[in-house]
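J.: Sharing data.pdb (PDB, C-alpha atoms and all ligand atoms) below.
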ATOM      1  CA  MET A  67      95.070 248.553  50.756
ATOM      2  CA  GLY A  68      94.721 250.752  53.874
ATOM      3  CA  ASN A  69      95.788 254.035  55.423
ATOM      4  CA  GLU A  70      95.578 254.808  59.148
ATOM      5  CA  ALA A  71      94.169 258.308  58.547
ATOM      6  CA  ILE A  72      91.098 256.876  56.849
ATOM      7  CA  PRO A  73      88.444 255.532  59.259
ATOM      8  CA  SER A  74      86.819 252.338  57.978
ATOM      9  CA  THR A  75      83.470 254.073  58.570
ATOM     10  CA  HIS A  76      84.306 256.832  56.076
ATOM     11  CA  PRO A  77      81.710 256.632  53.297
ATOM     12  CA  ARG A  78      84.452 256.701  50.670
ATOM     13  CA  ALA A  79      87.023 254.637  52.587
ATOM     14  CA  GLN A  80      87.600 252.137  49.779
ATOM     15  CA  SER A  81      88.181 254.823  47.169
ATOM     16  CA  LEU A  82      90.544 256.749  49.489
ATOM     17  CA  ASN A  83      92.492 253.604  50.365
ATOM     18  CA  ILE A  84      92.965 252.848  46.677
ATOM     19  CA  ARG A  85      94.439 256.332  46.207
ATOM     20  CA  HIS A  86      96.868 255.639  49.027
ATOM     21  CA  ALA A  87      97.867 252.279  47.572
ATOM     22  CA  LEU A  88      98.804 254.077  44.344
ATOM     23  CA  ILE A  89     100.673 256.817  46.248
ATOM     24  CA  GLN A  90     102.623 254.046  47.989
ATOM     25  CA  GLY A  91     103.158 252.468  44.555
ATOM     26  CA  VAL A  92     104.809 255.712  43.404
ATOM     27  CA  LYS A  93     106.969 255.838  46.576
ATOM     28  CA  ASP A  94     108.022 252.233  45.958
ATOM     29  CA  GLY A  95     108.981 252.985  42.336
ATOM     30  CA  ILE A  96     106.239 250.768  40.855
ATOM     31  CA  THR A  97     103.685 253.322  39.625
ATOM     32  CA  ALA A  98     104.648 256.335  37.490
ATOM     33  CA  ASP A  99     103.932 259.674  39.177
ATOM     34  CA  SER A 100     101.673 260.476  36.208
ATOM     35  CA  GLY A 101      99.787 257.328  37.130
ATOM     36  CA  LEU A 102      98.191 259.310  39.971
ATOM     37  CA  ILE A 103      96.829 261.855  37.511
ATOM     38  CA  ALA A 104      95.604 259.061  35.229
ATOM     39  CA  HIS A 105      93.852 257.542  38.238
ATOM     40  CA  GLY A 106      92.183 260.860  39.041
ATOM     41  CA  ARG A 107      90.765 261.033  35.543
ATOM     42  CA  GLY A 108      89.521 257.470  35.864
ATOM     43  CA  GLU A 109      87.942 258.222  39.259
ATOM     44  CA  ALA A 110      85.985 261.118  37.770
ATOM     45  CA  PHE A 111      84.486 258.903  35.077
ATOM     46  CA  ASP A 112      83.829 256.110  37.571
ATOM     47  CA  TYR A 113      81.902 258.606  39.718
ATOM     48  CA  LEU A 114      79.787 259.628  36.723
ATOM     49  CA  LEU A 115      79.113 255.969  35.971
ATOM     50  CA  GLY A 116      77.932 255.316  39.526
ATOM     51  CA  GLU A 117      80.975 253.126  40.353
ATOM     52  CA  ARG A 118      79.413 249.929  39.097
ATOM     53  CA  THR A 119      79.608 247.565  36.143
ATOM     54  CA  HIS A 120      76.881 248.450  33.656
ATOM     55  CA  ASP A 121      75.331 246.008  31.194
ATOM     56  CA  PHE A 122      77.300 247.542  28.310
ATOM     57  CA  ALA A 123      80.557 246.911  30.206
ATOM     58  CA  GLU A 124      79.610 243.328  30.977
ATOM     59  CA  LYS A 125      78.803 242.795  27.295
ATOM     60  CA  ALA A 126      82.326 244.010  26.452
ATOM     61  CA  ILE A 127      83.815 241.785  29.171
ATOM     62  CA  ILE A 128      82.010 238.761  27.685
ATOM     63  CA  ALA A 129      83.430 239.698  24.258
ATOM     64  CA  SER A 130      86.891 240.044  25.869
ATOM     65  CA  ALA A 131      86.569 236.534  27.322
ATOM     66  CA  ALA A 132      85.527 235.242  23.885
ATOM     67  CA  ALA A 133      88.461 236.981  22.147
ATOM     68  CA  LEU A 134      90.987 235.638  24.660
ATOM     69  CA  PHE A 135      89.419 232.168  24.543
ATOM     70  CA  THR A 136      89.742 231.906  20.751
ATOM     71  CA  ALA A 137      93.133 233.658  20.438
ATOM     72  CA  LYS A 138      96.229 231.737  19.373
ATOM     73  CA  HIS A 139      98.646 234.090  21.147
ATOM     74  CA  PRO A 140      96.834 236.298  23.655
ATOM     75  CA  VAL A 141      98.708 238.610  26.038
ATOM     76  CA  ILE A 142      97.837 241.077  28.801
ATOM     77  CA  SER A 143      99.932 244.250  28.917
ATOM     78  CA  VAL A 144     100.748 245.388  32.466
ATOM     79  CA  ASN A 145     101.635 248.917  33.592
ATOM     80  CA  GLY A 146     102.411 250.553  36.915
ATOM     81  CA  ASN A 147      98.773 251.293  37.773
ATOM     82  CA  THR A 148      97.404 247.800  37.126
ATOM     83  CA  ALA A 149     100.289 246.260  39.088
ATOM     84  CA  ILE A 150      98.984 248.084  42.173
ATOM     85  CA  LEU A 151      95.230 248.097  41.527
ATOM     86  CA  CYS A 152      94.540 244.436  40.773
ATOM     87  CA  PRO A 153      97.674 242.236  40.902
ATOM     88  CA  LYS A 154      95.944 239.324  42.653
ATOM     89  CA  GLU A 155      92.972 239.079  40.296
ATOM     90  CA  MET A 156      95.121 239.667  37.190
ATOM     91  CA  VAL A 157      97.615 236.960  38.151
ATOM     92  CA  GLU A 158      94.801 234.576  39.060
ATOM     93  CA  PHE A 159      93.292 235.017  35.593
ATOM     94  CA  SER A 160      96.666 234.687  33.851
ATOM     95  CA  ASN A 161      97.580 231.486  35.707
ATOM     96  CA  MET A 162      94.148 229.942  35.165
ATOM     97  CA  SER A 163      93.985 230.776  31.435
ATOM     98  CA  SER A 164      97.744 230.615  30.600
ATOM     99  CA  VAL A 165      97.434 234.097  29.068
ATOM    100  CA  PRO A 166     100.860 235.697  29.782
ATOM    101  CA  LEU A 167     101.363 239.068  31.442
ATOM    102  CA  GLU A 168     103.785 241.385  29.613
ATOM    103  CA  ILE A 169     105.212 244.388  31.413
ATOM    104  CA  ASN A 170     105.146 247.282  28.937
ATOM    105  CA  LEU A 171     105.622 250.796  30.238
ATOM    106  CA  PHE A 172     105.126 254.289  28.890
ATOM    107  CA  TYR A 173     107.526 255.740  31.488
ATOM    108  CA  ARG A 174     109.919 252.863  31.028
ATOM    109  CA  THR A 175     112.905 252.280  33.299
ATOM    110  CA  SER A 176     114.580 248.947  33.982
ATOM    111  CA  GLY A 177     114.090 249.548  37.729
ATOM    112  CA  ARG A 178     110.308 249.845  37.359
ATOM    113  CA  ILE A 179     110.144 246.732  35.176
ATOM    114  CA  GLU A 180     111.969 244.681  37.808
ATOM    115  CA  LYS A 181     109.775 246.019  40.610
ATOM    116  CA  ILE A 182     106.554 245.281  38.719
ATOM    117  CA  ALA A 183     107.856 241.791  37.895
ATOM    118  CA  ASP A 184     108.493 241.278  41.632
ATOM    119  CA  VAL A 185     104.910 242.295  42.439
ATOM    120  CA  LEU A 186     103.547 239.828  39.876
ATOM    121  CA  ARG A 187     105.826 236.999  41.039
ATOM    122  CA  LYS A 188     104.949 237.672  44.700
ATOM    123  CA  HIS A 189     101.338 237.043  43.688
ATOM    124  CA  GLY A 190     102.393 233.754  42.104
ATOM    125  CA  ALA A 191     102.455 234.752  38.407
ATOM    126  CA  LYS A 192     103.614 231.861  36.221
ATOM    127  CA  TYR A 193     103.811 233.693  32.892
ATOM    128  CA  VAL A 194     105.662 237.040  33.032
ATOM    129  CA  LEU A 195     107.087 238.555  29.844
ATOM    130  CA  GLY A 196     108.822 241.852  29.077
ATOM    131  CA  VAL A 197     111.675 241.320  31.546
ATOM    132  CA  ASN A 198     114.265 239.468  29.502
ATOM    133  CA  GLU A 199     116.264 241.930  27.368
ATOM    134  CA  GLU A 200     117.316 239.172  24.955
ATOM    135  CA  GLU A 201     113.685 238.618  24.007
ATOM    136  CA  GLN A 202     112.982 242.309  23.350
ATOM    137  CA  VAL A 203     112.260 243.726  19.894
ATOM    138  CA  GLU A 204     111.141 247.168  18.719
ATOM    139  CA  LEU A 205     107.879 247.622  16.822
ATOM    140  CA  ASP A 206     107.790 250.027  13.865
ATOM    141  CA  GLY A 207     105.512 253.040  13.960
ATOM    142  CA  PHE A 208     105.683 253.631  17.730
ATOM    143  CA  ASP A 209     107.476 256.712  19.020
ATOM    144  CA  SER A 210     107.197 255.958  22.736
ATOM    145  CA  TYR A 211     109.013 253.339  24.814
ATOM    146  CA  ARG A 212     105.932 251.177  24.340
ATOM    147  CA  ARG A 213     107.597 250.136  21.076
ATOM    148  CA  ILE A 214     109.876 247.821  23.094
ATOM    149  CA  VAL A 215     108.006 244.530  23.341
ATOM    150  CA  ASP A 216     108.656 240.860  23.983
ATOM    151  CA  ARG A 217     108.943 238.694  20.859
ATOM    152  CA  ASN A 218     106.949 235.971  22.635
ATOM    153  CA  GLY A 219     104.275 238.376  23.800
ATOM    154  CA  ILE A 220     102.959 241.548  22.161
ATOM    155  CA  GLU A 221     105.009 241.088  18.972
ATOM    156  CA  LYS A 222     103.443 237.786  18.031
ATOM    157  CA  ALA A 223     100.108 238.288  19.803
ATOM    158  CA  ASP A 224      96.821 238.218  17.911
ATOM    159  CA  VAL A 225      94.839 239.534  20.909
ATOM    160  CA  VAL A 226      96.325 242.175  23.239
ATOM    161  CA  VAL A 227      94.664 243.450  26.418
ATOM    162  CA  VAL A 228      95.798 247.021  27.113
ATOM    163  CA  PRO A 229      94.355 248.423  30.345
ATOM    164  CA  LEU A 230      94.599 252.153  31.193
ATOM    165  CA  GLU A 231      96.317 253.233  28.021
ATOM    166  CA  ASP A 232      97.732 256.486  26.813
ATOM    167  CA  GLY A 233      96.618 256.686  23.180
ATOM    168  CA  ASP A 234      98.768 255.960  20.164
ATOM    169  CA  ARG A 235      99.573 252.337  20.914
ATOM    170  CA  THR A 236      96.076 250.976  20.390
ATOM    171  CA  GLU A 237      95.767 252.634  16.983
ATOM    172  CA  ASN A 238      99.087 251.091  15.934
ATOM    173  CA  LEU A 239      98.298 247.625  17.263
ATOM    174  CA  VAL A 240      94.939 247.644  15.452
ATOM    175  CA  ARG A 241      96.709 248.810  12.263
ATOM    176  CA  MET A 242      99.032 245.803  12.655
ATOM    177  CA  GLY A 243      95.979 243.551  12.524
ATOM    178  CA  LYS A 244      95.852 242.684  16.218
ATOM    179  CA  THR A 245      92.611 242.605  18.173
ATOM    180  CA  VAL A 246      92.860 245.104  21.034
ATOM    181  CA  VAL A 247      90.835 244.870  24.219
ATOM    182  CA  THR A 248      91.029 247.910  26.465
ATOM    183  CA  ILE A 249      89.692 248.675  29.910
ATOM    184  CA  ASP A 250      89.235 252.433  30.135
ATOM    185  CA  LEU A 251      86.727 254.390  32.195
ATOM    186  CA  ASN A 252      86.883 257.245  29.681
ATOM    187  CA  PRO A 253      84.822 256.211  26.636
ATOM    188  CA  LEU A 254      86.057 259.287  24.760
ATOM    189  CA  SER A 255      89.760 258.458  24.942
ATOM    190  CA  ARG A 256      91.592 257.696  21.691
ATOM    191  CA  THR A 257      92.266 254.206  23.018
ATOM    192  CA  SER A 258      88.593 253.576  23.787
ATOM    193  CA  ILE A 259      87.559 254.649  20.316
ATOM    194  CA  ALA A 260      90.323 252.778  18.452
ATOM    195  CA  ALA A 261      90.067 249.474  20.362
ATOM    196  CA  ASN A 262      88.109 246.515  19.001
ATOM    197  CA  ILE A 263      86.603 245.831  22.424
ATOM    198  CA  THR A 264      86.302 248.650  24.986
ATOM    199  CA  VAL A 265      85.375 247.814  28.545
ATOM    200  CA  VAL A 266      84.167 251.098  30.076
ATOM    201  CA  ASP A 267      84.602 249.996  33.671
ATOM    202  CA  ASN A 268      87.091 250.150  36.518
ATOM    203  CA  ILE A 269      89.950 247.666  36.139
ATOM    204  CA  LEU A 270      89.236 246.814  39.794
ATOM    205  CA  ARG A 271      85.996 245.135  38.685
ATOM    206  CA  PHE A 272      87.273 243.665  35.401
ATOM    207  CA  PHE A 273      89.262 240.493  36.115
ATOM    208  CA  PRO A 274      86.772 238.635  38.373
ATOM    209  CA  LEU A 275      84.072 239.042  35.698
ATOM    210  CA  LEU A 276      86.507 238.138  32.929
ATOM    211  CA  LYS A 277      87.363 234.940  34.782
ATOM    212  CA  LYS A 278      83.709 234.030  35.287
ATOM    213  CA  HIS A 279      82.865 234.457  31.593
ATOM    214  CA  TYR A 280      86.079 232.807  30.365
ATOM    215  CA  LEU A 281      85.311 229.707  32.416
ATOM    216  CA  SER A 282      81.882 229.344  30.814
ATOM    217  CA  MET A 283      83.116 229.913  27.224
ATOM    218  CA  THR A 284      82.918 227.333  24.434
ATOM    219  CA  PRO A 285      84.311 227.718  20.880
ATOM    220  CA  GLU A 286      80.792 227.929  19.382
ATOM    221  CA  ARG A 287      79.625 230.507  21.916
ATOM    222  CA  ALA A 288      82.783 232.575  21.505
ATOM    223  CA  LYS A 289      82.326 232.728  17.749
ATOM    224  CA  LYS A 290      78.700 233.809  18.052
ATOM    225  CA  ILE A 291      79.558 236.485  20.656
ATOM    226  CA  LEU A 292      82.352 237.942  18.511
ATOM    227  CA  ASP A 293      80.244 237.855  15.333
ATOM    228  CA  GLU A 294      77.475 239.814  17.042
ATOM    229  CA  TYR A 295      79.629 242.224  19.065
ATOM    230  CA  ASP A 296      79.346 245.933  18.213
ATOM    231  CA  ASN A 297      81.857 248.167  20.015
ATOM    232  CA  LYS A 298      80.257 251.390  18.765
ATOM    233  CA  GLN A 299      77.009 250.403  20.424
ATOM    234  CA  VAL A 300      78.880 249.773  23.701
ATOM    235  CA  LEU A 301      80.544 253.201  23.539
ATOM    236  CA  GLN A 302      77.225 254.884  22.751
ATOM    237  CA  ALA A 303      75.547 253.135  25.690
ATOM    238  CA  SER A 304      78.328 254.275  28.037
ATOM    239  CA  LEU A 305      77.951 257.904  26.934
ATOM    240  CA  GLU A 306      74.197 257.691  27.430
ATOM    241  CA  ALA A 307      74.739 256.281  30.933
ATOM    242  CA  ILE A 308      77.085 259.141  31.809
ATOM    243  CA  SER A 309      74.643 261.762  30.589
ATOM    244  CA  THR A 310      71.500 260.333  32.177
ATOM    245  CA  LEU A 311      72.603 258.494  35.314
ATOM    246  CA  TRP A 312      73.538 261.521  37.370
ATOM    247  CA  ARG A 313      70.584 263.556  36.307
ATOM    248  CA  ASP A 314      68.297 260.740  37.504
ATOM    249  CA  GLU A 315      70.306 260.127  40.690
ATOM    250  CA  LEU A 316      70.451 263.795  41.596
ATOM    251  CA  VAL A 317      66.749 264.227  41.055
ATOM    252  CA  ARG A 318      66.080 261.325  43.378
ATOM    253  CA  LYS A 319      68.693 262.151  46.022
ATOM    254  CA  TYR A 320      68.591 265.916  46.253
ATOM    255  CA  ASP A 321      65.463 266.894  44.389
ATOM    256  CA  LEU A 322      67.602 268.898  41.984
ATOM    257  CA  PHE A 323      66.327 270.159  38.663
ATOM    258  CA  HIS A 324      62.791 270.270  40.040
ATOM    259  CA  GLN A 325      61.225 273.723  40.049
TER     260      GLN A 325
HETATM  261  O1  LIG B   1     103.039 252.656  34.096
HETATM  262  P1  LIG B   1     103.270 253.373  32.806
HETATM  263  O2  LIG B   1     104.648 254.007  32.743
HETATM  264  O3  LIG B   1     103.030 252.514  31.586
HETATM  265  O4  LIG B   1     102.230 254.614  32.704
HETATM  266  C1  LIG B   1     100.864 254.333  32.851
HETATM  267  C2  LIG B   1      99.962 255.593  32.712
HETATM  268  C3  LIG B   1      98.560 255.212  33.218
HETATM  269  C4  LIG B   1     100.544 256.714  33.588
HETATM  270  C5  LIG B   1      99.921 256.035  31.245
HETATM  271  O5  LIG B   1      99.499 254.946  30.456
HETATM  272  C6  LIG B   1      99.025 257.250  31.045
HETATM  273  O6  LIG B   1      99.449 258.381  31.127
HETATM  274  O7  LIG B   1      97.723 256.982  30.775
HETATM  275  P2  LIG B   1      96.596 258.105  30.435
HETATM  276  O8  LIG B   1      96.857 258.723  29.127
HETATM  277  O9  LIG B   1      96.421 259.027  31.589
HETATM  278  O10 LIG B   1      95.321 257.198  30.264
HETATM  279  C7  LIG B   1      94.844 256.397  31.289
HETATM  280  C8  LIG B   1      93.362 256.106  31.016
HETATM  281  O11 LIG B   1      92.946 255.131  31.950
HETATM  282  C9  LIG B   1      92.435 257.318  31.170
HETATM  283  O12 LIG B   1      91.533 257.381  30.084
HETATM  284  C10 LIG B   1      91.675 257.045  32.481
HETATM  285  O13 LIG B   1      90.346 257.516  32.434
HETATM  286  C11 LIG B   1      91.697 255.527  32.548
HETATM  287  N1  LIG B   1      91.697 254.979  33.908
HETATM  288  C12 LIG B   1      92.334 255.452  35.015
HETATM  289  N2  LIG B   1      92.136 254.653  36.075
HETATM  290  C13 LIG B   1      91.374 253.623  35.638
HETATM  291  C14 LIG B   1      91.097 253.821  34.250
HETATM  292  N3  LIG B   1      90.371 252.956  33.531
HETATM  293  C15 LIG B   1      89.907 251.851  34.171
HETATM  294  N4  LIG B   1      90.144 251.596  35.491
HETATM  295  C16 LIG B   1      90.853 252.450  36.252
HETATM  296  N5  LIG B   1      91.081 252.184  37.552
END
Take the structure in the file and write it out as C-alpha cells.
Ligand code: PTJ
T.:
Amino acid sequence: MGNEAIPSTHPRAQSLNIRHALIQGVKDGITADSGLIAHGRGEAFDYLLGERTHDFAEKAIIASAAALFTAKHPVISVNGNTAILCPKEMVEFSNMSSVPLEINLFYRTSGRIEKIADVLRKHGAKYVLGVNEEEQVELDGFDSYRRIVDRNGIEKADVVVVPLEDGDRTENLVRMGKTVVTIDLNPLSRTSIAANITVVDNILRFFPLLKKHYLSMTPERAKKILDEYDNKQVLQASLEAISTLWRDELVRKYDLFHQ
C-alpha cells in the first residue's frame, strides 16, 4: 500500500495509504465504489476508538477463534473491501485453519467475483468458494444479491464470518440458526447488534489476533469461552470507550473542557 503524494513522514501516512489502496481497488474493479464510503464510516469510528484493539474487541476475537475452532462447517465471507484491506492475513488464516473463503458480494457482478478470486489466489488461497456457478444456490428471505451463496460454503455453514456488512444478511443468517461473527467498527450497525459475536475493531487488526488465539485453542477452552461470552457486554463496552476515550484524550492533549 503506497502513494507517491504521501510522504512516509506524514503523521497519518498509513491511514492515507490505505485509502489509496481502496481507491486503486475501485479502479481495478475489485472494490465497489460504495466501498469507499463504507471505509469512511469505518475510519470515523476507528478514530473515535483511538485506532487500537481494545480489551472488549480482543474478547470478541477470542470468542471468534473459539466459534471457528468448534464449528463443523465454518466459512469466511469476502467482499471487495476485505480483498484489498487484508488479503495476506485473511488467506494465511484460511490456509492454516482450512476455513474456506467465500466471495459474496452486495454489488455483485461476475467480473468482480473473478477479480477478487484472482487476488485471493495470488496470495496463495487454497480454499476459495463462491466462484463456481454450478455450486451456487439462492437462500430464501434475502432480497439482495447476497442471497446467492455456495452450497459448500455459506449454505451449509454453522459459523459464518461476515466482515464489513450492510445489514439484513446477518439478521437472516442468525434466523437460520447460524452463528454469525462480524467485524464492524460501528457498534450501532444492525449487523453489529444482530451478530452473535461482534468484533468492534478494524479488519486490518483482526486476522493476526484471530490466528494467535485460534492456535492456542483447545476444545475444552473453546466451550468455556463460548459458554461465558456475552455480546451485549462487548457492545456496551465499545460504546463506553467511544464516549469516554476522546474526552479523556482531549483533556490530556489539548486541555479542552477545563475552565
Ligand atoms: O464488496 P461488496 O459489493 O460486497 O460491498 C461491500 C460494502 C462494504 C460496500 C457493503 O457491504 C456496504 O455498503 O457496507 P456498509 O453498509 O457501508 O457497512 C460497512 C460497515 O463496515 C460499516 O458499519 C463500517 O463502519 C464498517 N467498516 C468500514 N471499514 C471497516 C469497517 N469495519 C471494520 N474494519 C474496517 N476497515
J.: May I have the residues within 6 Å of region 254-259 of chain A as a list in words, using only C-alpha atoms and disregarding those fewer than 3 positions away in the same chain?
T.: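 Near region 254-259 of chain A, the qualifying residues are Gly233, Thr236 and Thr264 of chain A.
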J.: Enumerate, as a ChimeraX atom specification, the residues matched when the PyMOL selection byres (((chain A and resi 281-285) around 9) and not hetatm) is run on the file above.
T.: /A:128,131-132,135-136,163,276-280,286-290
J.: Determine, for each residue of chain A having at least one atom at most 6 Å from an atom of ligand LIG 1 (chain B), the closest pair of atoms and their separation in Å to one decimal, counting only C-alpha atoms and all ligand atoms; order by chain and ascending number, as a tab-separated table.
T.:
residue	atom	partner	partner_atom	distance
A:Thr97	CA	B:LIG1	O1	5.6
A:Ala98	CA	B:LIG1	O1	5.3
A:Ser100	CA	B:LIG1	C4	4.7
A:Gly101	CA	B:LIG1	C4	3.7
A:Ala104	CA	B:LIG1	O9	3.7
A:His105	CA	B:LIG1	N2	4.0
A:Arg107	CA	B:LIG1	O13	4.7
A:Gly108	CA	B:LIG1	O13	3.5
A:Asn145	CA	B:LIG1	O1	4.0
A:Gly146	CA	B:LIG1	O1	3.6
A:Asn147	CA	B:LIG1	O1	5.8
A:Leu171	CA	B:LIG1	O3	3.4
A:Phe172	CA	B:LIG1	O3	3.8
A:Tyr173	CA	B:LIG1	O2	3.6
A:Arg174	CA	B:LIG1	O2	5.7
A:Leu230	CA	B:LIG1	O11	3.5
A:Glu231	CA	B:LIG1	O5	4.4
A:Asp232	CA	B:LIG1	O8	3.3
A:Ile249	CA	B:LIG1	C15	5.3
A:Asp250	CA	B:LIG1	N3	3.6
A:Leu251	CA	B:LIG1	N3	4.1
A:Asn252	CA	B:LIG1	O13	4.4
A:Ser255	CA	B:LIG1	O12	5.5
A:Asp267	CA	B:LIG1	C15	5.6
A:Asn268	CA	B:LIG1	N4	3.5
A:Ile269	CA	B:LIG1	N4	4.0
J.: Taking the file as I've supplied it (selection: the PyMOL selection byres (((chain A and resi 218-224) around 8) and not hetatm)), which residues are included? Please answer as a list in words.
T.: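 With the PyMOL selection byres (((chain A and resi 218-224) around 8) and not hetatm) on this model, the match is Ala137, Lys138, His139, Pro140, Val141, Ser143, Pro166, Glu168, Leu195, Gly196, Glu201, Val203, Leu205, Val215, Asp216, Arg217, Val225, Val226, Gly243, Lys244 and Thr245 of chain A.
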J.: Do a neighbour search on Ser160 (chain A) at 8 Å with only C-alpha atoms, toss out local chain neighbours closer than 5 positions, and write the hits as number ranges by chain.
T.: A: 165-167, 191-193
J.: Can you list what the PyMOL selection byres (((chain A and resi 92) around 12) and not hetatm) grabs from this structure, as a list of chain:residue names?
T.: A:Arg85, A:His86, A:Ala87, A:Leu88, A:Ile89, A:Gln90, A:Gly91, A:Lys93, A:Asp94, A:Gly95, A:Ile96, A:Thr97, A:Ala98, A:Asp99, A:Ser100, A:Gly101, A:Leu102, A:Ile103, A:Gly146, A:Asn147, A:Ala149, A:Ile150, A:Arg178, A:Lys181, A:Ile182
J.: Within 10 Å of region 305-318 of chain A, counting all atoms listed in the file, which residues qualify if same-chain residues fewer than 4 places away don't, as a list in words?
T.: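 The residues that qualify are Phe111, Asp112, Tyr113, Leu114, Leu115, Gly116, His120, Phe122, Asn252, Pro253, Leu254, Val266, Gln299, Val300, Leu301, Leu322, Phe323 and His324 of chain A.
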J.: By how many Å are CA of Glu158 (chain A) and CA of Arg187 (chain A) apart?
T.: 11.5 Å
J.: Could you please determine the separation between CA of Ala133 (chain A) and CA of Val247 (chain A) in Å, to one decimal place?
T.: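 CA of Ala133 (chain A) sits 8.5 Å away from CA of Val247 (chain A).
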J.: Need the shell around region 71-73 of chain A: protein/DNA/RNA residues with any atom at most 12 Å away, counting all atoms listed in the file. Skip same-chain ones fewer than 2 positions apart. Format as a PyMOL selection string?
T.: chain A and resi 67-69+75-86
J.: Next, dump the selected residues to file, keeping only C-alpha atoms, as a PDB file, in the frame of the given file.
T.:
ATOM      1  CA  MET A  67      95.070 248.553  50.756  1.00  0.00           C
ATOM      2  CA  GLY A  68      94.721 250.752  53.874  1.00  0.00           C
ATOM      3  CA  ASN A  69      95.788 254.035  55.423  1.00  0.00           C
ATOM      4  CA  THR A  75      83.470 254.073  58.570  1.00  0.00           C
ATOM      5  CA  HIS A  76      84.306 256.832  56.076  1.00  0.00           C
ATOM      6  CA  PRO A  77      81.710 256.632  53.297  1.00  0.00           C
ATOM      7  CA  ARG A  78      84.452 256.701  50.670  1.00  0.00           C
ATOM      8  CA  ALA A  79      87.023 254.637  52.587  1.00  0.00           C
ATOM      9  CA  GLN A  80      87.600 252.137  49.779  1.00  0.00           C
ATOM     10  CA  SER A  81      88.181 254.823  47.169  1.00  0.00           C
ATOM     11  CA  LEU A  82      90.544 256.749  49.489  1.00  0.00           C
ATOM     12  CA  ASN A  83      92.492 253.604  50.365  1.00  0.00           C
ATOM     13  CA  ILE A  84      92.965 252.848  46.677  1.00  0.00           C
ATOM     14  CA  ARG A  85      94.439 256.332  46.207  1.00  0.00           C
ATOM     15  CA  HIS A  86      96.868 255.639  49.027  1.00  0.00           C
TER      16      HIS A  86
END
J.: Which residue, A:Arg213, A:Lys125, A:Arg241, A:Lys298, has the smallest gap to Leu275 (chain A) when you use only C-alpha atoms?
T.: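 Among the listed residues, A:Lys125 lies closest to Leu275 (chain A).
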J.: If you measure from CA of Val185 (chain A) to CA of Glu124 (chain A), what distance in Å do you get, rounded to one decimal?
T.: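 Separation of CA of Val185 (chain A) and CA of Glu124 (chain A): 27.8 Å.
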J.: From the list A:Val240, A:Ala123, A:Asn161, A:Phe208, which residue is nearest Gln302 (chain A) when using all atoms listed in the file?
T.: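 Smallest separation from Gln302 (chain A) among the options: A:Ala123.
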J.: I'd like the box whose edges run along x, y and z of the file and which contains every listed atom of region 156-160 of chain A, padded by 6 Å per side; could you state its centre and edge lengths in Å, one decimal, as AutoDock Vina command-line options?
T.:
--center_x 95.5 --center_y 237.1 --center_z 36.5 --size_x 16.3 --size_y 17.1 --size_z 17.2
J.: With only C-alpha atoms as the atoms that count, which of A:Val197, A:Ala110, A:Leu134, A:Met156 lies nearest to Phe272 (chain A)?
T.: A:Met156
J.: Rank nothing, just name the residue among A:Ile263, A:Thr175, A:Val144, A:Asp234 nearest to Tyr295 (chain A), using all atoms listed in the file.
T.: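 Result for the nearest residue to Tyr295 (chain A): A:Ile263.
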J.: Assuming the input is short of atoms at region 242-251 of chain A, produce N, CA, C and O atoms for that part as a PDB file, keeping the file's coordinate frame.
T.:
ATOM      1  N   MET A 242      98.217 247.005  12.901  1.00  0.00           N
ATOM      2  CA  MET A 242      99.032 245.803  12.655  1.00  0.00           C
ATOM      3  C   MET A 242      98.178 244.545  12.517  1.00  0.00           C
ATOM      4  O   MET A 242      98.708 243.453  12.329  1.00  0.00           O
ATOM      5  N   GLY A 243      96.869 244.694  12.704  1.00  0.00           N
ATOM      6  CA  GLY A 243      95.979 243.551  12.524  1.00  0.00           C
ATOM      7  C   GLY A 243      95.684 242.789  13.818  1.00  0.00           C
ATOM      8  O   GLY A 243      95.068 241.722  13.796  1.00  0.00           O
ATOM      9  N   LYS A 244      96.124 243.358  14.941  1.00  0.00           N
ATOM     10  CA  LYS A 244      95.852 242.684  16.218  1.00  0.00           C
ATOM     11  C   LYS A 244      94.484 243.118  16.743  1.00  0.00           C
ATOM     12  O   LYS A 244      94.039 244.232  16.464  1.00  0.00           O
ATOM     13  N   THR A 245      93.858 242.242  17.490  1.00  0.00           N
ATOM     14  CA  THR A 245      92.611 242.605  18.173  1.00  0.00           C
ATOM     15  C   THR A 245      92.994 243.217  19.515  1.00  0.00           C
ATOM     16  O   THR A 245      93.730 242.605  20.291  1.00  0.00           O
ATOM     17  N   VAL A 246      92.513 244.435  19.780  1.00  0.00           N
ATOM     18  CA  VAL A 246      92.860 245.104  21.034  1.00  0.00           C
ATOM     19  C   VAL A 246      91.644 245.201  21.944  1.00  0.00           C
ATOM     20  O   VAL A 246      90.578 245.671  21.541  1.00  0.00           O
ATOM     21  N   VAL A 247      91.838 244.736  23.167  1.00  0.00           N
ATOM     22  CA  VAL A 247      90.835 244.870  24.219  1.00  0.00           C
ATOM     23  C   VAL A 247      91.365 245.930  25.166  1.00  0.00           C
ATOM     24  O   VAL A 247      92.507 245.841  25.614  1.00  0.00           O
ATOM     25  N   THR A 248      90.563 246.953  25.466  1.00  0.00           N
ATOM     26  CA  THR A 248      91.029 247.910  26.465  1.00  0.00           C
ATOM     27  C   THR A 248      90.030 248.014  27.609  1.00  0.00           C
ATOM     28  O   THR A 248      88.836 247.740  27.429  1.00  0.00           O
ATOM     29  N   ILE A 249      90.546 248.383  28.757  1.00  0.00           N
ATOM     30  CA  ILE A 249      89.692 248.675  29.910  1.00  0.00           C
ATOM     31  C   ILE A 249      89.981 250.139  30.212  1.00  0.00           C
ATOM     32  O   ILE A 249      91.095 250.492  30.603  1.00  0.00           O
ATOM     33  N   ASP A 250      89.004 250.996  29.981  1.00  0.00           N
ATOM     34  CA  ASP A 250      89.235 252.433  30.135  1.00  0.00           C
ATOM     35  C   ASP A 250      87.919 253.087  30.549  1.00  0.00           C
ATOM     36  O   ASP A 250      86.914 252.993  29.841  1.00  0.00           O
ATOM     37  N   LEU A 251      87.945 253.755  31.686  1.00  0.00           N
ATOM     38  CA  LEU A 251      86.727 254.390  32.195  1.00  0.00           C
ATOM     39  C   LEU A 251      86.311 255.594  31.354  1.00  0.00           C
ATOM     40  O   LEU A 251      85.171 256.040  31.448  1.00  0.00           O
TER      41      LEU A 251
END
